>>> print(open('my_file23.cif').read())   # mmCIF, C-alpha atoms
data_structure
#
loop_
_atom_site.label_atom_id
_atom_site.label_comp_id
_atom_site.auth_asym_id
_atom_site.auth_seq_id
_atom_site.Cartn_x
_atom_site.Cartn_y
_atom_site.Cartn_z
CA MET A 23 16.47 121.77 79.10
CA THR A 24 14.84 118.39 78.46
CA GLU A 25 12.32 116.86 80.86
CA LEU A 26 14.90 114.22 81.86
CA GLN A 27 17.44 116.95 82.57
CA ARG A 28 14.91 118.89 84.66
CA GLN A 29 14.13 115.82 86.74
CA VAL A 30 17.80 114.86 87.16
CA ARG A 31 18.65 118.42 88.22
CA ALA A 32 15.89 118.20 90.85
CA ILE A 33 17.48 115.04 92.26
CA ARG A 34 20.97 116.55 92.15
CA GLU A 35 20.17 119.97 93.53
CA ARG A 36 17.02 119.81 95.69
CA ALA A 37 14.70 116.86 96.36
CA ALA A 38 12.49 114.69 94.20
CA VAL A 39 9.75 112.19 94.86
CA SER A 40 9.14 108.92 93.00
CA ARG A 41 6.97 105.85 93.39
CA PRO A 42 9.19 102.73 93.35
CA SER A 43 7.68 99.28 93.69
CA PRO A 44 10.08 97.12 95.67
CA ALA A 45 8.95 93.72 96.83
CA VAL A 46 8.95 93.91 100.62
CA VAL A 47 8.81 90.74 102.70
CA ARG A 48 8.91 90.38 106.46
CA VAL A 49 10.57 87.20 107.70
CA THR A 50 9.52 86.08 111.17
CA GLY A 51 9.76 83.01 113.37
CA GLU A 52 12.35 81.23 115.48
CA GLY A 53 14.12 80.02 112.35
CA ALA A 54 14.24 83.38 110.53
CA TRP A 55 17.94 84.06 111.03
CA ALA A 56 19.04 80.53 110.10
CA PHE A 57 16.77 80.57 107.05
CA LEU A 58 18.11 83.86 105.70
CA ASP A 59 21.67 82.85 106.51
CA ARG A 60 21.12 79.91 104.14
CA VAL A 61 19.50 82.02 101.41
CA LEU A 62 21.57 85.22 101.30
CA PRO A 63 25.22 85.38 100.21
CA CYS A 64 26.16 88.06 102.77
CA GLU A 65 26.92 88.01 106.49
CA LEU A 66 23.79 88.46 108.61
CA HIS A 67 25.30 89.94 111.74
CA LEU A 68 23.07 93.01 111.81
CA ARG A 69 22.51 95.47 114.61
CA GLU A 70 18.93 96.47 115.41
CA ALA A 71 17.56 98.66 112.58
CA GLN A 72 20.69 98.17 110.46
CA LEU A 73 20.37 97.33 106.76
CA ARG A 74 22.85 95.53 104.54
CA ALA A 75 23.00 95.55 100.75
CA THR A 76 23.25 92.10 99.19
CA LEU A 77 21.90 90.09 96.24
CA LEU A 78 19.98 87.01 95.25
CA LEU A 79 21.89 84.96 92.69
CA ARG A 80 20.94 82.39 90.11
CA ALA A 81 22.70 79.03 90.04
CA ASP A 82 25.09 80.31 87.34
CA GLY A 83 26.12 83.22 89.58
CA SER A 84 24.25 85.89 87.63
CA VAL A 85 22.30 88.50 89.59
CA LEU A 86 18.63 87.70 90.16
CA ALA A 87 17.67 90.54 92.50
CA ASP A 88 19.00 93.53 94.40
CA VAL A 89 18.36 93.12 98.14
CA LEU A 90 18.46 95.18 101.30
CA VAL A 91 18.11 93.03 104.41
CA GLY A 92 17.31 94.66 107.73
CA ALA A 93 16.80 93.59 111.35
CA GLU A 94 13.94 94.77 113.55
CA ASP A 95 13.47 93.13 116.93
CA ALA A 96 13.75 89.39 116.17
CA ASP A 97 12.36 89.83 112.66
CA PHE A 98 14.00 90.57 109.33
CA TRP A 99 12.86 92.70 106.43
CA LEU A 100 13.79 92.18 102.80
CA PHE A 101 13.49 95.12 100.40
CA VAL A 102 13.97 93.66 96.94
CA GLU A 103 14.22 95.11 93.43
CA GLY A 104 14.17 92.88 90.38
CA LEU A 105 11.49 90.43 91.50
CA ASP A 106 7.83 91.19 92.18
CA GLU A 107 6.31 90.02 95.44
CA PRO A 108 4.82 86.70 94.18
CA ALA A 109 8.11 85.77 92.49
CA LEU A 110 10.10 86.71 95.59
CA LEU A 111 7.83 84.70 97.89
CA ALA A 112 8.05 81.71 95.53
CA HIS A 113 11.84 81.99 95.38
CA LEU A 114 12.21 82.26 99.15
CA GLY A 115 9.63 79.54 99.73
CA SER A 116 11.72 77.09 97.71
CA PHE A 117 14.39 77.27 100.46
CA CYS A 118 12.02 76.55 103.37
CA GLU A 119 12.57 73.19 105.00
CA ASP A 120 9.86 70.97 106.47
CA GLY A 121 9.05 71.92 110.05
CA GLU A 122 11.12 75.10 109.94
CA ASP A 123 9.59 77.92 112.01
CA VAL A 124 9.72 80.63 109.34
CA GLN A 125 6.90 82.87 108.12
CA LEU A 126 7.11 85.02 105.02
CA ALA A 127 4.67 87.92 104.69
CA GLY A 128 4.54 90.29 101.73
CA LEU A 129 3.57 93.90 102.25
CA ALA A 130 2.02 94.72 98.86
CA ALA A 131 -1.56 94.18 100.04
CA THR A 132 -1.25 96.76 102.81
CA HIS A 133 1.55 99.20 101.97
CA ALA A 134 3.00 101.21 99.09
CA ALA A 135 6.38 102.88 98.65
CA ILE A 136 7.18 106.56 98.28
CA ALA A 137 10.82 107.55 97.71
CA VAL A 138 12.47 110.92 98.24
CA ASP A 139 15.96 111.57 96.86
CA GLY A 140 18.19 114.63 96.77
CA PRO A 141 20.60 116.69 98.88
CA TYR A 142 17.59 118.26 100.63
CA ALA A 143 15.46 115.08 100.74
CA TRP A 144 15.88 114.96 104.51
CA GLU A 145 14.24 118.37 104.79
CA ALA A 146 11.21 117.19 102.80
CA LEU A 147 11.06 114.00 104.86
CA GLU A 148 10.88 115.86 108.15
CA ALA A 149 7.53 117.25 107.01
CA VAL A 150 6.23 113.67 107.11
CA GLY A 151 8.08 111.97 109.94
CA GLU A 152 9.20 113.10 113.33
CA ARG A 153 11.83 115.80 113.69
CA GLY A 154 15.33 114.42 113.16
CA ILE A 155 14.24 111.48 111.03
CA GLY A 156 16.24 112.89 108.09
CA GLY A 157 19.43 112.34 110.07
CA MET A 158 18.95 108.58 110.40
CA PRO A 159 22.16 106.72 109.43
CA TYR A 160 22.75 105.47 105.90
CA LEU A 161 21.50 101.89 105.53
CA SER A 162 19.11 101.91 108.44
CA LEU A 163 15.44 101.25 109.06
CA ALA A 164 13.10 103.30 111.26
CA ARG A 165 9.58 102.61 112.50
CA LEU A 166 7.38 105.71 112.41
CA ASP A 167 3.89 106.46 113.70
CA GLY A 168 0.96 105.19 111.65
CA ASP A 169 2.52 101.82 110.70
CA VAL A 170 5.03 103.60 108.44
CA ARG A 171 8.60 102.43 107.97
CA CYS A 172 11.41 104.51 106.58
CA VAL A 173 14.43 103.03 104.81
CA ARG A 174 17.50 105.24 104.39
CA ALA A 175 19.31 103.99 101.29
CA GLY A 176 18.78 105.26 97.72
CA ARG A 177 20.66 104.71 94.49
CA THR A 178 21.38 108.23 93.30
CA GLY A 179 24.32 109.06 95.57
CA GLU A 180 22.17 111.72 97.26
CA TYR A 181 20.24 111.41 100.49
CA GLY A 182 17.63 108.78 99.74
CA TYR A 183 14.66 107.58 101.80
CA THR A 184 11.89 105.14 100.99
CA LEU A 185 8.72 105.34 103.04
CA LEU A 186 6.48 102.28 103.27
CA VAL A 187 3.07 103.75 103.86
CA PRO A 188 -0.39 102.14 104.34
CA HIS A 189 -2.34 102.46 101.08
CA ASP A 190 -4.91 104.76 102.64
CA ALA A 191 -2.21 107.19 103.76
CA VAL A 192 -0.37 107.56 100.43
CA ASP A 193 -2.18 110.67 99.21
CA ALA A 194 -1.82 112.44 102.55
CA THR A 195 1.90 111.59 102.68
CA LEU A 196 2.50 112.91 99.16
CA SER A 197 0.66 116.06 100.14
CA GLN A 198 2.78 116.47 103.30
CA LEU A 199 5.95 116.25 101.22
CA GLY A 200 4.89 119.53 99.68
CA ASP A 201 6.15 121.07 96.48
CA VAL A 202 8.68 118.38 95.60
CA VAL A 203 9.34 117.56 91.94
CA ARG A 204 7.91 114.20 90.86
CA VAL A 205 10.45 112.14 88.86
CA ASP A 206 10.17 109.12 86.57
CA PRO A 207 12.17 105.88 86.82
CA ALA A 208 14.29 107.07 83.87
CA ALA A 209 15.67 109.96 85.95
CA LEU A 210 16.62 107.56 88.77
CA THR A 211 18.26 105.19 86.28
CA HIS A 212 20.23 108.14 84.89
CA CYS A 213 21.38 109.15 88.39
CA ALA A 214 22.30 105.57 89.27
CA LEU A 215 24.64 105.47 86.27
CA GLU A 216 26.20 108.85 87.13
CA ASN A 217 26.90 107.55 90.64
CA TRP A 218 27.74 103.99 89.65
CA PHE A 219 24.98 102.47 91.74
CA PHE A 220 23.89 99.04 90.63
CA ASP A 221 20.59 99.19 88.76
CA ILE A 222 18.86 95.83 88.55
CA HIS A 223 16.45 97.36 86.02
CA ALA A 224 19.23 98.02 83.49
CA PRO A 225 18.71 95.67 80.52
CA PHE A 226 22.15 94.08 80.87
CA ALA A 227 21.99 93.43 84.64
CA ALA A 228 20.73 89.85 84.44
CA ARG A 229 23.52 88.85 82.02
CA PHE A 230 26.34 89.30 84.49
CA THR A 231 27.62 88.19 87.88
CA PRO A 232 28.86 90.29 90.82
CA LEU A 233 32.40 89.68 89.53
CA GLU A 234 31.77 91.71 86.37
CA LEU A 235 29.44 94.22 88.02
CA GLN A 236 31.80 95.11 90.90
CA LEU A 237 29.36 93.88 93.53
CA GLN A 238 31.68 91.57 95.45
CA ALA A 239 31.31 93.69 98.61
CA ARG A 240 27.76 92.33 98.83
CA LEU A 241 29.02 88.76 99.19
CA SER A 242 30.83 86.82 101.87
CA ARG A 243 33.47 84.18 101.18
CA ARG A 244 32.02 82.24 104.12
CA LYS A 245 28.82 81.72 102.12
CA GLY A 246 30.34 79.35 99.56
CA ASP A 247 27.30 77.03 99.61
CA VAL A 248 24.64 79.67 98.91
CA LEU A 249 22.95 79.43 95.51
CA GLY A 250 25.22 80.96 92.86
CA MET A 251 28.37 81.14 95.01
CA PRO A 252 29.93 77.88 93.74
CA ALA A 253 29.57 79.21 90.18
CA LEU A 254 31.37 82.42 91.17
CA ALA A 255 34.22 80.44 92.73
CA ALA A 256 34.52 78.44 89.52
CA ARG A 257 34.62 81.61 87.42
CA ARG A 258 37.36 83.09 89.59
CA GLU A 259 39.31 79.86 89.24
CA ALA A 260 38.91 79.79 85.45
CA GLY A 261 40.29 83.33 85.03
CA GLY A 262 39.70 85.53 81.99
CA LEU A 263 37.39 87.79 83.96
CA ARG A 264 36.01 91.10 82.75
CA ARG A 265 34.92 94.12 84.79
CA THR A 266 32.76 97.19 84.33
CA VAL A 267 34.44 100.56 83.89
CA GLY A 268 33.20 104.16 83.59
CA LEU A 269 33.26 105.76 80.14
CA ARG A 270 33.21 109.28 78.69
CA GLY A 271 32.58 109.51 74.98
CA PRO A 272 30.77 111.21 72.12
CA LEU A 273 27.04 111.90 72.09
CA GLY A 274 26.63 108.91 69.77
CA LEU A 275 27.98 106.44 72.36
CA ALA A 276 25.37 103.67 72.50
CA ALA A 277 24.68 100.49 74.47
CA GLY A 278 25.87 97.53 72.41
CA ASP A 279 28.76 99.43 70.77
CA ALA A 280 31.93 97.40 70.46
CA LEU A 281 34.90 98.94 72.28
CA ARG A 282 37.94 98.74 69.99
CA LEU A 283 41.65 99.03 70.68
CA ASP A 284 43.95 99.25 67.67
CA GLY A 285 41.06 97.98 65.56
CA ASP A 286 40.44 94.87 67.68
CA VAL A 287 37.22 94.43 69.68
CA VAL A 288 38.22 94.31 73.37
CA GLY A 289 34.90 95.02 75.09
CA GLU A 290 31.39 96.37 74.86
CA VAL A 291 29.32 99.33 75.99
CA LEU A 292 26.57 98.24 78.39
CA GLN A 293 24.73 101.47 79.19
CA THR A 294 24.93 105.13 78.24
CA ALA A 295 23.35 108.47 79.09
CA PRO A 296 23.85 112.08 78.06
CA TRP A 297 26.31 114.00 80.22
CA PHE A 298 24.65 117.09 81.62
CA GLY A 299 27.91 118.92 82.35
CA ALA A 300 29.16 121.79 80.20
CA SER A 301 31.46 119.52 78.17
CA GLY A 302 28.47 117.55 76.85
CA GLY A 303 28.88 114.17 75.18
CA SER A 304 27.93 110.92 76.89
CA ILE A 305 28.79 108.86 79.90
CA GLY A 306 28.54 105.13 80.03
CA MET A 307 29.40 101.81 81.54
CA GLY A 308 31.69 99.54 79.58
CA LEU A 309 32.90 95.99 80.06
CA LEU A 310 36.59 95.25 79.52
CA PRO A 311 39.09 92.51 80.38
CA LEU A 312 40.64 93.10 83.83
CA ARG A 313 43.99 94.15 82.32
CA LEU A 314 42.27 97.06 80.55
CA ALA A 315 39.49 97.87 83.04
CA HIS A 316 41.20 100.87 84.64
CA PRO A 317 40.46 104.62 84.46
CA GLY A 318 42.66 106.80 82.27
CA LEU A 319 42.74 104.60 79.16
CA ASP A 320 42.34 107.01 76.23
CA VAL A 321 43.00 104.78 73.23
CA LEU A 322 39.60 103.09 72.92
CA SER A 323 37.02 103.89 70.28
CA VAL A 324 33.43 103.18 69.29
CA PRO A 325 31.87 103.82 65.85
CA SER A 326 30.95 107.40 66.79
CA GLY A 327 34.40 108.41 68.06
CA PRO A 328 37.05 108.06 70.78
CA VAL A 329 36.17 106.90 74.28
CA MET A 330 38.04 107.34 77.56
CA THR A 331 37.78 105.22 80.69
CA VAL A 332 37.14 107.23 83.89
CA SER A 333 36.81 106.71 87.64
CA ALA A 334 33.32 106.43 89.04
CA PRO A 335 31.29 108.11 90.44
CA LEU A 336 31.20 110.54 87.57
CA LEU A 337 30.13 113.60 89.56
CA LEU A 338 30.37 115.21 93.00
CA ASN A 339 27.19 114.80 95.05
CA ARG A 340 25.96 117.82 96.94
CA SER A 341 24.71 115.45 99.63
CA LEU A 342 28.35 114.97 100.66
CA LEU A 343 28.45 118.64 101.60
CA VAL A 344 25.05 119.03 103.29
CA ARG A 345 24.42 117.81 106.85
CA PRO A 346 20.89 117.45 108.25
CA SER A 347 22.23 118.24 111.73
CA ARG A 348 23.57 121.63 110.64
CA ARG A 349 22.03 124.73 109.15
CA PRO A 350 21.57 123.92 105.47
CA PRO A 351 23.97 125.83 103.22
CA ASP A 352 22.69 128.18 100.56
CA PRO A 353 22.35 125.90 97.49
CA ALA A 354 23.98 128.66 95.42
CA SER A 355 27.16 128.27 97.50
CA LEU A 356 27.57 124.59 96.64
CA PRO A 357 29.73 123.43 93.71
CA ASP A 358 28.11 122.37 90.45
CA PRO A 359 27.81 118.57 90.69
CA TYR A 360 28.81 118.34 87.02
CA ALA A 361 31.89 120.58 87.20
CA MET B 29 54.19 97.92 73.68
CA THR B 30 52.05 100.97 73.00
CA LEU B 31 52.37 104.23 74.91
CA TRP B 32 49.42 103.69 77.26
CA GLN B 33 50.73 100.46 78.75
CA PRO B 34 53.33 101.87 81.22
CA GLY B 35 50.69 104.19 82.72
CA LEU B 36 48.21 101.35 82.97
CA ALA B 37 50.77 99.08 84.64
CA ARG B 38 51.61 101.81 87.20
CA ARG B 39 47.93 102.29 87.94
CA GLU B 40 47.36 98.54 88.40
CA ALA B 41 50.36 98.28 90.74
CA LEU B 42 49.10 101.22 92.83
CA LEU B 43 45.62 99.67 93.01
CA ASP B 44 47.13 96.44 94.33
CA GLU B 45 49.12 98.35 96.95
CA VAL B 46 46.05 100.32 98.06
CA ARG B 47 44.02 97.12 98.27
CA ALA B 48 46.69 95.57 100.52
CA VAL B 49 46.59 98.60 102.84
CA VAL B 50 42.77 98.54 103.00
CA ILE B 51 42.76 94.82 103.84
CA ASP B 52 45.28 95.45 106.60
CA VAL B 53 43.55 98.55 108.03
CA LEU B 54 40.10 96.95 108.03
CA GLN B 55 41.36 93.47 108.93
CA LEU B 56 39.37 92.03 106.04
CA ALA B 57 39.25 88.34 105.18
CA GLN B 58 38.91 89.05 101.43
CA GLU B 59 41.53 88.44 98.79
CA PRO B 60 42.79 91.65 97.12
CA ASP B 61 40.93 91.00 93.86
CA GLU B 62 37.66 90.80 95.78
CA LEU B 63 37.91 94.52 96.52
CA ASP B 64 36.29 96.06 93.45
CA PRO B 65 37.99 99.32 92.43
CA ASP B 66 34.76 101.28 91.88
CA ALA B 67 32.94 99.98 94.99
CA PRO B 68 32.18 102.76 97.51
CA LEU B 69 34.61 102.93 100.43
CA PHE B 70 31.78 103.93 102.76
CA GLY B 71 28.16 102.82 103.13
CA GLY B 72 27.09 99.79 101.16
CA GLY B 73 30.56 99.08 99.75
CA LEU B 74 33.57 98.42 101.96
CA ARG B 75 31.75 100.03 104.94
CA LEU B 76 34.60 102.23 106.20
CA ASP B 77 33.78 104.60 109.02
CA SER B 78 35.47 107.93 109.66
CA ILE B 79 38.08 106.38 111.99
CA ASP B 80 38.96 103.76 109.35
CA ALA B 81 39.23 106.53 106.76
CA LEU B 82 41.66 108.52 108.89
CA ASP B 83 43.73 105.40 109.55
CA LEU B 84 43.75 104.61 105.83
CA ILE B 85 44.94 108.11 104.89
CA VAL B 86 47.73 108.03 107.49
CA ARG B 87 48.89 104.63 106.25
CA LEU B 88 48.83 105.67 102.59
CA GLU B 89 50.66 108.92 103.26
CA ALA B 90 53.34 107.10 105.25
CA GLY B 91 53.64 104.32 102.70
CA PHE B 92 53.80 106.45 99.57
CA GLY B 93 55.47 109.57 100.98
CA VAL B 94 52.81 111.90 99.55
CA ILE B 95 49.96 114.01 100.90
CA VAL B 96 46.73 112.17 100.09
CA ILE B 97 44.37 114.75 101.60
CA ASP B 98 45.80 118.24 102.00
CA ARG B 99 44.80 119.61 105.42
CA ASP B 100 43.63 122.78 103.65
CA ALA B 101 41.61 120.87 101.05
CA SER B 102 37.98 121.86 100.65
CA PRO B 103 35.34 119.37 101.86
CA ALA B 104 34.50 118.80 98.19
CA GLU B 105 38.09 117.84 97.30
CA SER B 106 38.36 115.49 100.28
CA ALA B 107 35.01 113.91 99.47
CA ARG B 108 36.02 113.37 95.85
CA ALA B 109 39.25 111.57 96.79
CA MET B 110 37.73 109.23 99.37
CA ARG B 111 34.93 107.65 97.36
CA THR B 112 36.43 104.46 95.93
CA LEU B 113 39.74 102.65 95.55
CA ASN B 114 40.00 104.15 92.05
CA THR B 115 39.53 107.72 93.28
CA LEU B 116 42.20 107.09 95.92
CA VAL B 117 44.53 105.85 93.19
CA ASP B 118 43.66 108.97 91.13
CA ARG B 119 44.67 111.07 94.12
CA LEU B 120 47.91 109.15 94.71
CA LEU B 121 48.88 109.52 91.05
CA ALA B 122 48.09 113.25 91.13
CA ALA B 123 50.23 113.59 94.28
CA GLY B 124 53.19 111.94 92.53
CA ALA B 125 53.09 108.44 94.05
#
>>> encode(input="my_file23.cif", output="structure tokens")
Amino acid sequence: MTELQRQVRAIRERAAVSRPSPAVVRVTGEGAWAFLDRVLPCELHLREAQLRATLLLRADGSVLADVLVGAEDADFWLFVEGLDEPALLAHLGSFCEDGEDVQLAGLAATHAAIAVDGPYAWEALEAVGERGIGGMPYLSLARLDGDVRCVRAGRTGEYGYTLLVPHDAVDATLSQLGDVVRVDPAALTHCALENWFFDIHAPFAARFTPLELQLQARLSRRKGDVLGMPALAARREAGGLRRTVGLRGPLGLAAGDALRLDGDVVGEVLQTAPWFGASGGSIGMGLLPLRLAHPGLDVLSVPSGPVMTVSAPLLLNRSLLVRPSRRPPDPASLPDPYA
Amino acid sequence: MTLWQPGLARREALLDEVRAVVIDVLQLAQEPDELDPDAPLFGGGLRLDSIDALDLIVRLEAGFGVIVIDRDASPAESARAMRTLNTLVDRLLAAGA
């Protein structure tokens, strides 16, 4: 078993800890809602403590950053991947209008992030937070003792929590989590692909728009004036769109491979990873014209062999079968995620 | 026309029909092609809740005349079918729709 496989198995079968570095910005002031409504391409009707997944776009419609926006009292929180804190503050600051009552405060100087992912991540988390915290709803934000915030989200398809902890409490928090496997970003990237979660850190991510990347649920048609949205409308109007699709192929499947049909190049492979199921080979994400971007197409090929398009997610998450509110099942009784 | 095209056309037609049902059940303002086929039905995707899911299954079963989720299905089988529009289409095709 490789080190990557060991770490991925920990995420899929138990719980794993990692140290992400999202840019976290708190938006306060009387004008906070109106400001974010102008900046973000999603609806901002959020209940208290609710989070919504959205994006920041460039003017050409391509994805600049992966965003979770949350409401807490009259304030908003932005949890952002793909931009560091100075770049995020500069980007947001460019939308501020003279006299607008909006304050932007980054958290990097005071807090650091600790993430826990896996079907039993909630169990590990309860050693840190109050009892029951593991059962917080998906896409929600909780305020814990000690100026700690907990975000329930994740990008592995398993239970996922990110704790924002004061710098001086990081070591103690890691210690409280106990004997949880520490995983690298590569293992999380692997799991994101298996579960078809958008990964802003993938090398191809900045090349494409939400139309290709199947991220339209993060946008609102009502937000046609937000940066990047006019470009998306123009692309829809022009037609000829392409879309990502799941792939299964030989071990030699590689990012950058041309996808061929009857000898003609019809698409490209964007990302690949070894498949850890018994059948071996590789999984991947391809890009095809809409007319071909459907699962079940078994006539494509790459230089190393035939490729088939498949439905995502590519595995069954144990987290779908484990409930924090109930007695945890014996892990041995759960199906193999890769079966 | 090569052999794979009829199957692909059937799949595309089913996807369009499922999208129309989802838009109706959830009362969405989106156009059908704005519902991405691999976007999650729950959570950060189309944000269905369990009531929506039940309504969606009833509507699909009535519309296509097939069992989408067998009442005796294991939790794993049900979970696998209800993840995305594409997995729902997989299930409809397997059920003979």
>>> residues_near_point(input="my_file23.cif", point="(34.1, 103.0, 97.6)", cutoff="10 Å", atoms="all atoms listed in the file", output="list in words")
Ala239, Ala334 and Pro335 of chain A; Leu63, Asp64, Pro65, Asp66, Ala67, Pro68, Leu69, Phe70, Gly71, Gly72, Gly73, Leu74, Arg75, Leu76, Met110, Arg111, Thr112, Leu113, Asn114, Thr115 and Leu116 of chain B
>>> residues_around(input="my_file23.cif", residues="Asp118 (chain B)", least_positions_apart="5", cutoff="9 Å", atoms="all atoms listed in the file", output="list in words")
Pro317 and Ser333 of chain A; Arg39, Ala109, Leu113 and Ala123 of chain B
>>> closest_residue(input="my_file23.cif", among="A:Glu234, A:Asp286, A:Asp106, A:Asp169", to="chain B", atoms="all atoms listed in the file")
A:Glu234
>>> interface_residues(input="my_file23.cif", of="chain A", to="chain B", cutoff="9 Å", atoms="only C-alpha atoms", output="ChimeraX atom specification")
/A:74-76,160-161,175,218-219,233,235-240,242-243,265-268,313-314,316-321,333-335,337-340,342-343,357
>>> axis_aligned_box(input="my_file23.cif", around="region 245-262 of chain A", padding_each_side="4 Å", output="lines of an AutoDock Vina configuration file")
center_x = 31.6
center_y = 81.3
center_z = 92.1
size_x = 25.3
size_y = 16.5
size_z = 28.1
>>> closest_residue(input="my_file23.cif", among="B:Ile95, B:Ala125, B:Val86, B:Asp80", to="Glu45 (chain B)", atoms="all atoms listed in the file")
B:Ala125
>>> resolve_selection(input="my_file23.cif", expression="the PyMOL selection byres ((chain A and resi 96) around 12)", output="JSON, numbers by chain")
{"A": [48, 49, 50, 51, 52, 53, 54, 55, 56, 68, 69, 70, 71, 92, 93, 94, 95, 97, 98, 99, 124]}
>>> resolve_selection(input="my_file23.cif", expression="the PyMOL selection byres ((chain A and resi 179) around 7)", output="PyMOL selection string")
chain A and resi 177-178+180-181+217+339
>>> residues_around(input="my_file23.cif", residues="Ala81 (chain A)", least_positions_apart="4", cutoff="10 Å", atoms="all atoms listed in the file", output="JSON, numbers by chain")
{"A": [85, 86, 248, 249, 250, 251, 252, 253, 254]}
>>> resolve_selection(input="my_file23.cif", expression="the PyMOL selection byres ((chain A and resi 345) around 10)", output="list in words")
Pro141, Tyr142, Trp144, Gly156, Gly157, Tyr181, Ser341, Leu342, Leu343, Val344, Pro346, Ser347, Arg348, Arg349, Pro350 and Pro351 of chain A
>>> closest_residue(input="my_file23.cif", among="A:Leu58, A:Glu290, A:Ile33, A:Val46", to="Cys118 (chain A)", atoms="only C-alpha atoms")
A:Leu58
>>> residues_near_point(input="my_file23.cif", point="(32.8, 111.6, 68.0)", cutoff="10 Å", atoms="all atoms listed in the file", output="list in words")
Gly271, Pro272, Leu273, Gly274, Leu275, Gly303, Ser323, Val324, Pro325, Ser326, Gly327, Pro328 and Val329 of chain A
>>> atom_distance(input="my_file23.cif", atom1="CA of Leu163 (chain A)", atom2="CA of Ile136 (chain A)")
14.6 Å
>>> closest_residue(input="my_file23.cif", among="A:Lys245, A:Arg258, A:Arg282, A:Arg171", to="Glu65 (chain A)", atoms="all atoms listed in the file")
A:Lys245
>>> atom_distance(input="my_file23.cif", atom1="CA of Asp193 (chain A)", atom2="CA of Leu126 (chain A)")
27.9 Å
>>> closest_residue(input="my_file23.cif", among="A:Ala143, A:Leu105, A:Val203, A:Val287", to="Ile222 (chain A)", atoms="all atoms listed in the file")
A:Leu105
>>> residues_around(input="my_file23.cif", residues="region 87-93 of chain B", least_positions_apart="5", cutoff="9 Å", atoms="only C-alpha atoms", output="MDAnalysis selection string")
chainID B and resid 46 49 53 82 120 124:125
>>> atom_distance(input="my_file23.cif", atom1="CA of Cys172 (chain A)", atom2="CA of Val89 (chain A)")
15.8 Å
>>> closest_residue(input="my_file23.cif", among="A:Thr231, A:Gln293, A:Ser304, A:Thr331", to="Leu78 (chain A)", atoms="all atoms listed in the file")
A:Thr231
>>> residues_around(input="my_file23.cif", residues="Thr184 (chain A)", least_positions_apart="2", cutoff="9 Å", atoms="only C-alpha atoms", output="JSON list (two decimals) with C-alpha atoms, in the coordinates of the input")
[["chain", "number", "residue", "atom", "x", "y", "z"],
["A", 42, "PRO", "CA", 9.19, 102.73, 93.35],
["A", 135, "ALA", "CA", 6.38, 102.88, 98.65],
["A", 136, "ILE", "CA", 7.18, 106.56, 98.28],
["A", 137, "ALA", "CA", 10.82, 107.55, 97.71],
["A", 138, "VAL", "CA", 12.47, 110.92, 98.24],
["A", 139, "ASP", "CA", 15.96, 111.57, 96.86],
["A", 171, "ARG", "CA", 8.60, 102.43, 107.97],
["A", 172, "CYS", "CA", 11.41, 104.51, 106.58],
["A", 173, "VAL", "CA", 14.43, 103.03, 104.81],
["A", 174, "ARG", "CA", 17.50, 105.24, 104.39],
["A", 175, "ALA", "CA", 19.31, 103.99, 101.29],
["A", 176, "GLY", "CA", 18.78, 105.26, 97.72],
["A", 182, "GLY", "CA", 17.63, 108.78, 99.74],
["A", 186, "LEU", "CA", 6.48, 102.28, 103.27]]
>>> build_atoms(input="my_file23.cif", residues="region 47-56 of chain B", atoms="N, CA and C atoms", output="PDB file, in the coordinates of the input")
ATOM      1  N   ARG B  47      44.856  98.233  97.790  1.00  0.00           N
ATOM      2  CA  ARG B  47      44.020  97.120  98.270  1.00  0.00           C
ATOM      3  C   ARG B  47      44.677  96.435  99.480  1.00  0.00           C
ATOM      4  N   ALA B  48      45.990  96.236  99.413  1.00  0.00           N
ATOM      5  CA  ALA B  48      46.690  95.570 100.520  1.00  0.00           C
ATOM      6  C   ALA B  48      46.582  96.407 101.798  1.00  0.00           C
ATOM      7  N   VAL B  49      46.698  97.728 101.666  1.00  0.00           N
ATOM      8  CA  VAL B  49      46.590  98.600 102.840  1.00  0.00           C
ATOM      9  C   VAL B  49      45.171  98.542 103.405  1.00  0.00           C
ATOM     10  N   VAL B  50      44.168  98.583 102.536  1.00  0.00           N
ATOM     11  CA  VAL B  50      42.770  98.540 103.000  1.00  0.00           C
ATOM     12  C   VAL B  50      42.499  97.224 103.731  1.00  0.00           C
ATOM     13  N   ILE B  51      42.967  96.128 103.192  1.00  0.00           N
ATOM     14  CA  ILE B  51      42.760  94.820 103.840  1.00  0.00           C
ATOM     15  C   ILE B  51      43.395  94.816 105.223  1.00  0.00           C
ATOM     16  N   ASP B  52      44.577  95.421 105.325  1.00  0.00           N
ATOM     17  CA  ASP B  52      45.280  95.450 106.600  1.00  0.00           C
ATOM     18  C   ASP B  52      44.567  96.382 107.596  1.00  0.00           C
ATOM     19  N   VAL B  53      44.193  97.571 107.129  1.00  0.00           N
ATOM     20  CA  VAL B  53      43.550  98.550 108.030  1.00  0.00           C
ATOM     21  C   VAL B  53      42.218  98.013 108.543  1.00  0.00           C
ATOM     22  N   LEU B  54      41.437  97.423 107.649  1.00  0.00           N
ATOM     23  CA  LEU B  54      40.100  96.950 108.030  1.00  0.00           C
ATOM     24  C   LEU B  54      40.089  95.519 108.534  1.00  0.00           C
ATOM     25  N   GLN B  55      41.274  94.868 108.490  1.00  0.00           N
ATOM     26  CA  GLN B  55      41.360  93.470 108.930  1.00  0.00           C
ATOM     27  C   GLN B  55      40.354  92.604 108.183  1.00  0.00           C
ATOM     28  N   LEU B  56      40.339  92.749 106.860  1.00  0.00           N
ATOM     29  CA  LEU B  56      39.370  92.030 106.040  1.00  0.00           C
ATOM     30  C   LEU B  56      39.857  90.616 105.730  1.00  0.00           C
TER      31      LEU B  56
END
